[in-house]
Amino acid sequence: MRETENERTTFAEQGFLLRHGQFSAAEIEELREGAKELLSGSEERLVRERDGVTLRSAYGIHSDEAVFSRLARSARLVEPTRGLLGGEVYLYQSKLNVKRPFVGDRWEWHQDYAFWRAEDAMLAPQVLTAAVYLDDLDEFNGPLVVIPGSHRQGLVECSPRASSVEGDELSGYTSASLKHTVSREQVARLVGRGGLVAPKGRAGAVLFFSGCLVHASGVNLSPSPRSLALYTYNRVDNAPARAPRRPWFLQGRDVSPVEPVYGPLTGAEDRGAGGARPVEVGREREREHRGS
Ligand SMILES: O=C(O)CCC(=O)C(=O)O
């Protein structure tokens with residue numbers, strides 16, 4: 001489960017690492033069932049496409065559904081993450097991104113760390129995201145597309161866009177019109193050096209990618225759905241010092257190290273270890289955020 005030296009080198013050089021077959025068909029089935037619940041959950045944390053109807057994302061998924069809570073602590077995500085980042089980690093953000101057949105929209109070229117630095121004052125890019133493939137990702141259904149090695153440039157300059165929807169600050173972090181994007185000139189320059197890769201894989205694969213990796217994804221042209229569960233882990237010693245300004249589901253509050261849970265996500269095996277317990281801190285913070 002822990003990363004090999006080869007994998008560490010790949011991640012350091014390329015900024016991403018794809019592991020196939022990390023979750024079984026039964027586990028993926030349970031996650032897909034759980035995803036249906038998430039997408040009918042708290043409206044405050046659901047994002048829709050520009051048509052205002054089609055679902056795009058659900059945020060704070062570790063706090064809602066037991067199986068997504070167990071996934072956040074699965075050793076299959078946490079162990080390699082600790083190894084790749086070189087220290088204890090805490091959960092910074094979690095979300096489910098869905099691209100519906102034919103209508104799932106793009107994500108513009110960006111670096112995640114640009115958001116976390118500008119909006120949350122995160123100290124350094126000691127942060128990565130583990131994207132769990134809940135569907136097969138191919139060239140047709142809007143896979144992530146990355147520029148290998150682009151993370152080694154650090155933050156690429158970008159000018160923040162004003163809120164894309166008047167009075168809706170969150171849309172700049174979650175919609176198809178992002179606040180911090182990488183310019184076409186910069187993308188062209190970086191692609192000239194590193195090329196483009198769409199890490200394709202079957203449901204059950206996991207893509208680990210650096211907070212500084214330049215990435216994007218296109219629309220879903222196909223009749224197949226495309227869903228990703230994304231968990232962002234930050235190194236504990238890299239937690240922002242400033243009091244959080246964004247809601248808990250964009251910037252995690254609980255900076256205690258995630259204890260990895262071993263065993264399958266399904267069944268009772270890992271529940272004795274607290275595996276089925278939703279992460280309560282999220283809910284407490286939600287109440288706090290709402291002032292109730
Ligand atoms: O779901 C996608 O295709 C892209 C997600 C993404 O770029 C992100 O979460 O930073």
# chains A, B, ... in the order shown; residues from 1 in each chain; ligands from 1
>>> residues_around(residues="Met1 in chain A", least_positions_apart="6", cutoff="9 Å", atoms="only C-alpha atoms", output="mmCIF file with C-alpha atoms, in the first residue's frame")
data_model
loop_
_atom_site.group_PDB
_atom_site.id
_atom_site.type_symbol
_atom_site.label_atom_id
_atom_site.label_comp_id
_atom_site.auth_asym_id
_atom_site.auth_seq_id
_atom_site.Cartn_x
_atom_site.Cartn_y
_atom_site.Cartn_z
ATOM 1 C CA ALA A 75 -5.006 3.509 4.208
ATOM 2 C CA ARG A 76 -5.043 3.183 0.412
ATOM 3 C CA LEU A 77 -5.278 6.974 0.217
ATOM 4 C CA GLU A 79 -0.480 5.932 3.432
ATOM 5 C CA PRO A 80 0.798 6.905 -0.025
#
>>> residues_near_ligand(ligand="ligand 1", cutoff="6 Å", atoms="only C-alpha atoms and all ligand atoms", output="ChimeraX atom specification")
/A:97,107,112,143-144,216-217
>>> write_last_selection(atoms="C-alpha atoms", output="PDB file, in the first residue's frame")
ATOM      1  CA  ASN A  97     -17.357  15.780  -9.016  1.00  0.00           C
ATOM      2  CA  TRP A 107     -12.829  22.671 -15.414  1.00  0.00           C
ATOM      3  CA  ASP A 112      -5.308  24.040  -6.845  1.00  0.00           C
ATOM      4  CA  PRO A 143     -11.061  12.925 -17.778  1.00  0.00           C
ATOM      5  CA  LEU A 144      -8.619  15.091 -15.878  1.00  0.00           C
ATOM      6  CA  ALA A 216      -8.050  20.929 -16.396  1.00  0.00           C
ATOM      7  CA  SER A 217     -10.802  18.746 -17.796  1.00  0.00           C
TER       8      SER A 217
END
>>> closest_atom_pairs(of="range 81-172 of chain A", to="range 201-211 of chain A", cutoff="6 Å", atoms="only C-alpha atoms", output="Markdown table")
| residue | atom | partner | partner_atom | distance |
| --- | --- | --- | --- | --- |
| A:Asp112 | CA | A:Gly211 | CA | 5.1 |
| A:Tyr113 | CA | A:Gly211 | CA | 4.8 |
| A:Pro125 | CA | A:Gly211 | CA | 5.9 |
| A:Val127 | CA | A:Gly211 | CA | 5.5 |
| A:Leu128 | CA | A:Ser210 | CA | 4.5 |
| A:Thr129 | CA | A:Phe209 | CA | 5.4 |
| A:Ala130 | CA | A:Phe208 | CA | 4.4 |
| A:Ala131 | CA | A:Leu207 | CA | 5.0 |
| A:Val132 | CA | A:Val206 | CA | 4.5 |
| A:Tyr133 | CA | A:Ala203 | CA | 4.9 |
| A:Leu134 | CA | A:Ala203 | CA | 4.9 |
| A:Asp135 | CA | A:Ala203 | CA | 4.4 |
| A:Asp136 | CA | A:Arg202 | CA | 4.1 |
| A:Leu137 | CA | A:Gly201 | CA | 5.4 |
>>> write_last_selection(atoms="C-alpha atoms", output="mmCIF file, in the first residue's frame")
data_model
loop_
_atom_site.group_PDB
_atom_site.id
_atom_site.type_symbol
_atom_site.label_atom_id
_atom_site.label_comp_id
_atom_site.auth_asym_id
_atom_site.auth_seq_id
_atom_site.Cartn_x
_atom_site.Cartn_y
_atom_site.Cartn_z
ATOM 1 C CA ASP A 112 -5.308 24.040 -6.845
ATOM 2 C CA TYR A 113 -2.659 25.605 -4.652
ATOM 3 C CA PRO A 125 2.352 23.454 -1.620
ATOM 4 C CA VAL A 127 -0.629 19.343 -0.304
ATOM 5 C CA LEU A 128 -2.067 16.834 -2.760
ATOM 6 C CA THR A 129 -5.381 15.483 -3.931
ATOM 7 C CA ALA A 130 -6.275 11.825 -4.261
ATOM 8 C CA ALA A 131 -8.944 11.361 -6.936
ATOM 9 C CA VAL A 132 -10.785 8.043 -6.705
ATOM 10 C CA TYR A 133 -12.321 6.961 -10.013
ATOM 11 C CA LEU A 134 -15.910 5.890 -9.448
ATOM 12 C CA ASP A 135 -16.391 5.315 -13.188
ATOM 13 C CA ASP A 136 -14.068 4.276 -15.981
ATOM 14 C CA LEU A 137 -12.306 7.400 -17.253
#
>>> closest_atom_pairs(of="range 164-246 of chain A", to="range 55-64 of chain A", cutoff="9 Å", atoms="only C-alpha atoms", output="tab-separated table")
residue	atom	partner	partner_atom	distance
A:Thr174	CA	A:Ser57	CA	7.8
A:Ser175	CA	A:Arg56	CA	8.2
A:Ala229	CA	A:Ile61	CA	8.5
A:Tyr231	CA	A:His62	CA	8.7
>>> closest_residue(among="A:Ala121, A:Leu196, A:Ala12, A:Val47", to="Gly172 in chain A", atoms="only C-alpha atoms")
A:Val47
>>> select_by_dssp(residues="range 135-240 of chain A", states="helix (DSSP H, G or I)", output="count of residues only")
22
>>> closest_residue(among="A:Asn141, A:Ala25, A:Arg193, A:Asp237", to="Phe102 in chain A", atoms="only C-alpha atoms")
A:Asn141
